[in-house]
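> The structure file start_38.txt (compact mmCIF, C-alpha atoms) is provided below.
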# COMPACT_ATOMS: atom_id res chain seq x y z
CA MET J 1001 0.00 0.00 0.00
CA SER J 1002 1.13 3.51 -0.73
CA PRO J 1003 1.84 5.70 2.29
CA ARG J 1004 -1.09 7.70 3.57
CA ARG J 1005 -1.05 11.33 2.59
CA SER J 1006 -1.01 13.70 5.52
CA TYR J 1007 -1.53 17.38 6.16
CA ASP J 1008 1.39 17.08 8.60
CA GLN J 1009 -0.37 19.33 11.09
CA TYR J 1010 -0.49 18.61 14.82
CA CYS J 1011 -4.25 19.15 15.02
CA SER J 1012 -6.96 16.56 15.67
CA ALA J 1013 -9.14 17.90 12.84
CA ALA J 1014 -6.23 17.61 10.42
CA ARG J 1015 -5.48 14.08 11.65
CA ALA J 1016 -9.13 13.11 11.16
CA LEU J 1017 -9.07 14.49 7.62
CA ASP J 1018 -5.92 12.48 6.95
CA ALA J 1019 -8.11 9.39 7.45
CA VAL J 1020 -11.52 10.40 6.06
CA GLY J 1021 -10.94 13.53 3.99
CA ASP J 1022 -10.51 11.80 0.63
CA ARG J 1023 -13.40 11.91 -1.84
CA TRP J 1024 -15.87 9.01 -1.37
CA THR J 1025 -14.59 7.83 2.02
CA LEU J 1026 -17.44 9.22 4.13
CA LEU J 1027 -20.02 8.05 1.59
CA ILE J 1028 -18.58 4.54 1.86
CA VAL J 1029 -19.01 4.89 5.63
CA ARG J 1030 -22.64 5.92 5.01
CA GLU J 1031 -23.21 2.70 3.06
CA LEU J 1032 -21.46 0.50 5.61
CA LEU J 1033 -23.55 1.90 8.46
CA ALA J 1034 -26.17 -0.51 7.09
CA GLY J 1035 -23.94 -3.43 8.01
CA PRO J 1036 -21.65 -5.73 6.00
CA ARG J 1037 -21.74 -5.20 2.23
CA ARG J 1038 -20.16 -6.85 -0.77
CA TYR J 1039 -17.91 -4.82 -3.05
CA THR J 1040 -20.40 -5.13 -5.93
CA ASP J 1041 -23.24 -3.82 -3.74
CA LEU J 1042 -21.14 -0.87 -2.62
CA HIS J 1043 -20.28 -0.03 -6.21
CA ALA J 1044 -23.95 -0.21 -7.23
CA ASP J 1045 -25.04 2.17 -4.48
CA LEU J 1046 -22.23 4.68 -5.03
CA PRO J 1047 -23.03 5.85 -8.57
CA GLY J 1048 -20.15 7.80 -10.04
CA VAL J 1049 -17.29 6.07 -8.22
CA SER J 1050 -14.84 4.14 -10.39
CA THR J 1051 -13.88 0.58 -9.47
CA ASP J 1052 -10.25 1.64 -8.98
CA VAL J 1053 -11.13 4.49 -6.62
CA LEU J 1054 -13.55 2.35 -4.61
CA ALA J 1055 -10.97 -0.40 -4.21
CA SER J 1056 -8.33 2.16 -3.20
CA ARG J 1057 -10.59 3.81 -0.61
CA LEU J 1058 -11.53 0.46 0.89
CA ARG J 1059 -7.86 -0.48 1.21
CA ASP J 1060 -7.16 2.86 2.89
CA MET J 1061 -10.08 2.32 5.29
CA GLU J 1062 -8.76 -1.12 6.20
CA ARG J 1063 -5.29 0.29 6.81
CA ASP J 1064 -6.66 3.10 8.98
CA GLY J 1065 -8.78 0.77 11.08
CA LEU J 1066 -12.13 2.09 9.81
CA ALA J 1067 -13.30 -1.04 8.00
CA GLU J 1068 -12.40 -4.69 7.66
CA ARG J 1069 -12.90 -7.35 5.02
CA ARG J 1070 -14.06 -10.84 5.94
CA ARG J 1071 -15.46 -13.91 4.27
CA LEU J 1072 -19.04 -14.92 5.01
CA PRO J 1073 -19.57 -18.53 6.13
CA PRO J 1074 -21.20 -20.98 3.71
CA PRO J 1075 -23.54 -20.96 1.89
CA GLY J 1076 -22.74 -17.26 1.29
CA ALA J 1077 -18.96 -17.66 1.01
CA ALA J 1078 -18.62 -14.09 -0.32
CA TYR J 1079 -16.30 -11.39 0.94
CA VAL J 1080 -17.90 -8.39 2.63
CA TYR J 1081 -16.69 -5.12 4.08
CA GLU J 1082 -17.92 -3.82 7.41
CA LEU J 1083 -17.11 -0.95 9.72
CA THR J 1084 -14.98 -1.43 12.80
CA PRO J 1085 -16.10 0.18 16.08
CA ARG J 1086 -13.83 3.11 15.16
CA GLY J 1087 -15.57 3.43 11.80
CA ARG J 1088 -19.02 3.33 13.37
CA ARG J 1089 -18.06 6.25 15.58
CA LEU J 1090 -18.18 8.38 12.42
CA LEU J 1091 -22.00 8.36 12.60
CA PRO J 1092 -22.18 11.70 14.49
CA VAL J 1093 -19.80 13.19 11.92
CA LEU J 1094 -22.07 12.16 9.06
CA GLN J 1095 -25.14 13.34 10.95
CA ALA J 1096 -23.56 16.74 11.58
CA LEU J 1097 -22.57 17.03 7.92
CA GLY J 1098 -26.07 16.03 6.86
CA GLU J 1099 -27.68 18.60 9.12
CA TRP J 1100 -25.26 21.28 7.93
CA GLY J 1101 -25.98 20.36 4.31
CA GLU J 1102 -29.78 20.39 4.57
CA GLY J 1103 -29.90 23.83 2.99
CA GLU J 1104 -27.70 22.66 0.13
CA LEU J 1105 -30.17 20.08 -1.16
CA GLY J 1106 -32.47 22.42 -3.07
CA GLU J 1107 -34.49 20.84 -5.85
CA ARG J 1108 -33.40 17.46 -7.11
CA ARG J 1109 -31.37 17.82 -10.32
CA PRO J 1110 -31.96 15.55 -13.34
CA THR J 1111 -28.48 14.09 -12.83
CA ASP J 1112 -28.98 13.35 -9.11
CA ALA J 1113 -29.09 9.68 -8.18
CA VAL J 1114 -31.28 8.64 -5.26
CA ARG J 1115 -31.60 5.49 -3.19
CA ALA J 1116 -34.34 4.82 -0.67
CA HIS J 1117 -31.88 4.11 2.14
CA TRP J 1118 -30.26 7.55 1.74
CA PHE J 1119 -33.26 8.85 3.68
CA ALA J 1120 -32.21 6.71 6.66
CA LEU J 1121 -29.79 9.20 8.22
CA PRO J 1122 -32.19 12.18 8.01
CA LEU J 1123 -34.91 10.03 9.58
CA LEU J 1124 -32.57 8.94 12.35
CA ARG J 1125 -31.98 12.63 13.11
CA ALA J 1126 -35.70 13.37 13.02
CA LEU J 1127 -37.06 10.42 15.00
CA GLU J 1128 -37.45 10.75 18.74
CA GLY J 1129 -37.53 7.59 20.79
CA GLU J 1130 -36.00 4.14 20.49
CA GLY J 1131 -36.94 1.14 18.45
CA LEU J 1132 -36.86 -0.66 15.12
CA VAL J 1133 -38.69 1.27 12.41
CA GLU J 1134 -39.59 -0.04 8.95
CA VAL J 1135 -39.84 2.73 6.34
CA ARG J 1136 -41.73 2.31 3.06
CA LEU J 1137 -41.06 4.70 0.18
CA GLU J 1138 -41.80 4.53 -3.54
CA GLU J 1139 -38.09 3.89 -4.16
CA GLY J 1140 -37.97 0.96 -1.79
CA VAL J 1141 -38.11 -0.26 1.79
CA PHE J 1142 -35.50 0.05 4.51
CA HIS J 1143 -35.38 -0.06 8.29
CA VAL J 1144 -33.65 2.04 10.91
CA TYR J 1145 -32.68 1.45 14.53
CA ALA J 1146 -33.81 4.68 16.18
CA GLY J 1147 -32.08 5.72 19.37
CA ARG J 1148 -28.81 3.86 18.83
CA ASP J 1149 -25.64 5.70 19.70
CA GLY J 1150 -22.69 6.45 17.46
CA ASP J 1151 -21.12 3.05 18.13
CA GLY J 1152 -24.07 1.29 16.56
CA GLY J 1153 -25.72 0.29 19.81
CA GLY J 1154 -22.98 -2.12 20.77
CA GLY J 1155 -21.81 -3.05 17.29
CA GLY J 1156 -25.00 -3.33 15.26
CA ALA J 1157 -25.99 -1.59 12.05
CA MET J 1158 -27.70 1.79 12.19
CA TYR J 1159 -30.08 0.89 9.36
CA GLY J 1160 -30.62 -1.87 6.84
CA TYR J 1161 -32.03 -2.64 3.42
CA GLY J 1162 -35.46 -4.13 2.92
CA ALA J 1163 -38.10 -5.00 5.47
CA ALA J 1164 -37.27 -5.14 9.17
CA PRO J 1165 -35.71 -8.51 10.11
CA VAL J 1166 -38.15 -8.93 13.02
CA GLU J 1167 -41.47 -7.37 13.97
CA PRO J 1168 -40.79 -3.60 13.94
CA ASP J 1169 -41.84 -1.22 16.68
CA ALA J 1170 -43.36 1.02 14.01
CA VAL J 1171 -43.96 1.08 10.26
CA LEU J 1172 -43.86 4.42 8.42
CA GLU J 1173 -45.30 4.88 4.95
CA LEU J 1174 -44.49 8.14 3.16
CA ASP J 1175 -43.86 9.51 -0.29
CA THR J 1176 -40.59 10.85 -1.62
CA LEU J 1177 -41.69 14.49 -1.33
CA THR J 1178 -42.27 14.00 2.39
CA GLY J 1179 -38.95 12.22 2.82
CA THR J 1180 -37.24 15.05 0.95
CA ALA J 1181 -38.89 17.70 3.15
CA ILE J 1182 -37.65 15.87 6.24
CA ALA J 1183 -34.16 15.55 4.74
CA ARG J 1184 -34.13 19.31 4.07
CA GLY J 1185 -35.14 20.04 7.66
CA GLN J 1186 -38.39 21.63 6.46
CA LEU J 1187 -40.75 19.14 8.08
CA SER J 1188 -40.72 17.23 11.35
CA VAL J 1189 -41.91 13.66 11.60
CA ALA J 1190 -44.63 14.69 14.07
CA ASP J 1191 -45.96 17.35 11.69
CA ALA J 1192 -45.89 14.90 8.80
CA VAL J 1193 -47.92 12.40 10.86
CA ARG J 1194 -50.35 15.14 11.90
CA ASP J 1195 -50.81 16.23 8.28
CA GLY J 1196 -51.41 12.70 7.09
CA ARG J 1197 -48.20 12.63 5.06
CA ILE J 1198 -46.80 9.75 7.11
CA ALA J 1199 -48.99 6.77 7.95
CA VAL J 1200 -47.92 5.05 11.16
CA THR J 1201 -48.83 1.46 11.93
CA GLY J 1202 -47.63 -0.98 14.56
CA GLU J 1203 -48.26 -1.59 18.23
CA GLY J 1204 -44.79 -0.90 19.60
CA THR J 1205 -44.06 1.93 22.00
CA LEU J 1206 -42.47 4.03 19.28
CA ALA J 1207 -45.53 3.72 17.01
CA LYS J 1208 -47.75 4.88 19.87
CA VAL J 1209 -45.41 7.80 20.62
CA LEU J 1210 -45.42 8.87 16.97
CA ARG J 1211 -49.21 8.69 16.71
CA GLU J 1212 -49.59 10.64 19.96
CA ALA J 1213 -47.11 13.29 18.76
CA GLY J 1214 -49.12 13.62 15.58
CA ARG J 1215 -52.23 14.44 17.56
CA LEU J 1216 -50.66 17.26 19.58
Is it possible to give me this structure as structure tokens?

Amino acid sequence: MSPRRSYDQYCSAARALDAVGDRWTLLIVRELLAGPRRYTDLHADLPGVSTDVLASRLRDMERDGLAERRRLPPPGAAYVYELTPRGRRLLPVLQALGEWGEGELGERRPTDAVRAHWFALPLLRALEGEGLVEVRLEEGVFHVYAGRDGDGGGGGAMYGYGAAPVEPDAVLELDTLTGTAIARGQLSVADAVRDGRIAVTGEGTLAKVLREAGRL
């Protein structure tokens, strides 16, 4: 591996940027917050990244202790990448960047790619309470673990693809316009429930809290 480039500044912010300041690194972290992923899946959900750059960033992340590569047991027998505890601690960094960038979203451009699970981090910022939440959008279905801390609640994923793996505490159904308004910081989840823009089902505590908040 080539030596890591450095700002050569005795400053914690500079040291952090030595590790995660390269283009694509934090977006790879965003994808791996969903749990282990194969290289081909990462490439599919990072439109615009070349195979060479993705491979290089993943090697750098392994070297810097942010991610690791391992082989799944049979019958999967595929190699996957996953975040280390140090990598998962980047969640608050991504959340702060996302909140700071809310005003930069503007209208979606014709060239802008979108994936359903990209709404996971804004929803994690917007949801109050703890529990497993299944989210249904036109683009697809994903689930989030609301209330987990920046270490992934003891090592788990912050969100995942597809339906919830077990009975969720709440199910949210919303359209893309509502998800976009939440991502922009223009609409709270409670207001969206109150206005009928988010349908909440489920009998878990979080579902009851969301329905109650929507009635206030």
> What is the CA of Ala1163 in chain J to CA of Ala1181 in chain J distance in Å?
22.8 Å
> Neighbouring residues of range 1040-1052 of chain J were defined as those with any atom within 8 Å, considering all atoms listed in the file; residues of the same chain fewer than 4 positions away were excluded. Please report them as a PDB file with C-alpha atoms, keeping the file's coordinate frame.

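File written: around.pdb
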ATOM      1  CA  TRP J1024     -15.870   9.010  -1.370  1.00  0.00           C
ATOM      2  CA  LEU J1027     -20.020   8.050   1.590  1.00  0.00           C
ATOM      3  CA  ILE J1028     -18.580   4.540   1.860  1.00  0.00           C
ATOM      4  CA  GLU J1031     -23.210   2.700   3.060  1.00  0.00           C
ATOM      5  CA  SER J1056      -8.330   2.160  -3.200  1.00  0.00           C
ATOM      6  CA  ALA J1113     -29.090   9.680  -8.180  1.00  0.00           C
ATOM      7  CA  ARG J1115     -31.600   5.490  -3.190  1.00  0.00           C
TER       8      ARG J1115
END
> Just want the 9 Å neighbourhood of Val1200 in chain J, counted on all atoms listed in the file, with same-chain residues fewer than 2 positions away dropped. Output as a VMD selection string.
chain J and resid 1170 to 1173 1193 1198 1202 1207 to 1208 1210 to 1211
> Can you pull out the residues contacting Gly1098 in chain J? Cut-off 10 Å, using all atoms listed in the file, and skip same-chain residues under 6 positions away; I want them as a PyMOL selection string.
chain J and resi 1092+1104-1105+1121-1122+1125+1183-1185
> Would you kindly return, as JSON, numbers by chain, each protein, DNA or RNA residue with an atom no farther than 10 Å from any atom of Pro1036 in chain J, considering only C-alpha atoms and excluding same-chain residues fewer than 5 positions away?
{"J": [1031, 1042, 1067, 1068, 1069, 1070, 1072, 1079, 1080, 1081, 1082, 1083, 1157, 1160]}
> So that I can see what lies close to Val1135 in chain J, please list as a short mmCIF file (atom, residue, chain, number, x, y, z; two decimals) with C-alpha atoms, in the frame of the given file the residues with an atom at most 12 Å from it, counting all atoms listed in the file and leaving out residues fewer than 2 positions away in the same chain.

data_model
loop_
_atom_site.label_atom_id
_atom_site.label_comp_id
_atom_site.auth_asym_id
_atom_site.auth_seq_id
_atom_site.Cartn_x
_atom_site.Cartn_y
_atom_site.Cartn_z
CA ALA J 1116 -34.34 4.82 -0.67
CA HIS J 1117 -31.88 4.11 2.14
CA TRP J 1118 -30.26 7.55 1.74
CA PHE J 1119 -33.26 8.85 3.68
CA ALA J 1120 -32.21 6.71 6.66
CA LEU J 1123 -34.91 10.03 9.58
CA LEU J 1124 -32.57 8.94 12.35
CA LEU J 1127 -37.06 10.42 15.00
CA LEU J 1132 -36.86 -0.66 15.12
CA VAL J 1133 -38.69 1.27 12.41
CA LEU J 1137 -41.06 4.70 0.18
CA GLU J 1138 -41.80 4.53 -3.54
CA GLU J 1139 -38.09 3.89 -4.16
CA GLY J 1140 -37.97 0.96 -1.79
CA VAL J 1141 -38.11 -0.26 1.79
CA PHE J 1142 -35.50 0.05 4.51
CA HIS J 1143 -35.38 -0.06 8.29
CA VAL J 1144 -33.65 2.04 10.91
CA TYR J 1145 -32.68 1.45 14.53
CA ALA J 1146 -33.81 4.68 16.18
CA TYR J 1159 -30.08 0.89 9.36
CA GLY J 1160 -30.62 -1.87 6.84
CA TYR J 1161 -32.03 -2.64 3.42
CA GLY J 1162 -35.46 -4.13 2.92
CA ALA J 1163 -38.10 -5.00 5.47
CA ALA J 1164 -37.27 -5.14 9.17
CA PRO J 1168 -40.79 -3.60 13.94
CA ASP J 1169 -41.84 -1.22 16.68
CA ALA J 1170 -43.36 1.02 14.01
CA VAL J 1171 -43.96 1.08 10.26
CA LEU J 1172 -43.86 4.42 8.42
CA GLU J 1173 -45.30 4.88 4.95
CA LEU J 1174 -44.49 8.14 3.16
CA ASP J 1175 -43.86 9.51 -0.29
CA THR J 1176 -40.59 10.85 -1.62
CA GLY J 1179 -38.95 12.22 2.82
CA ILE J 1198 -46.80 9.75 7.11
CA ALA J 1199 -48.99 6.77 7.95
CA VAL J 1200 -47.92 5.05 11.16
CA THR J 1201 -48.83 1.46 11.93
CA GLY J 1202 -47.63 -0.98 14.56
#
> Which residue is closest to Leu1206 in chain J? Choose from J:Gln1186, J:Gly1035, J:Gly1129, J:Glu1102 and count all atoms listed in the file.
J:Gly1129
> Which is closest to Val1189 in chain J among J:Ala1213, J:Leu1090, J:Val1166, J:Leu1066, if we use only C-alpha atoms?
J:Ala1213
> Choose the residue, out of J:Leu1026, J:Ala1190, J:Ala1019, J:Ile1182, that has the smallest atom-to-atom separation from Leu1097 in chain J; count all atoms listed in the file.
J:Leu1026
> Between CA of Asp1064 in chain J and CA of Arg1038 in chain J, what distance in Å does the model show, to one decimal?
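Between CA of Asp1064 in chain J and CA of Arg1038 in chain J the gap is 19.4 Å.
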> Just give me the gap between CA of Ala1034 in chain J and CA of Met1158 in chain J in Å, one decimal is fine.
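Value for the CA of Ala1034 in chain J-CA of Met1158 in chain J distance: 5.8 Å.
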> Let me make sure I understand: among J:Ala1192, J:Leu1032, J:Val1209, J:Ala1077, which one has the smallest atom-to-atom distance to Leu1091 in chain J if we use all atoms listed in the file?
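So, comparing all the options, the nearest one is J:Leu1032.
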> Which of these, J:Arg1215, J:Arg1037, J:Arg1005, J:Arg1088, has the shortest distance to Asp1022 in chain J once you count all atoms listed in the file?
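That would be J:Arg1005, the residue with the smallest distance to Asp1022 in chain J.
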> I need the residue nearest Ala1055 in chain J from this list: J:Leu1094, J:Arg1089, J:Thr1025, J:Arg1030. Use only C-alpha atoms for the distance.
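Comparing J:Leu1094, J:Arg1089, J:Thr1025, J:Arg1030 against Ala1055 in chain J, the winner is J:Thr1025.
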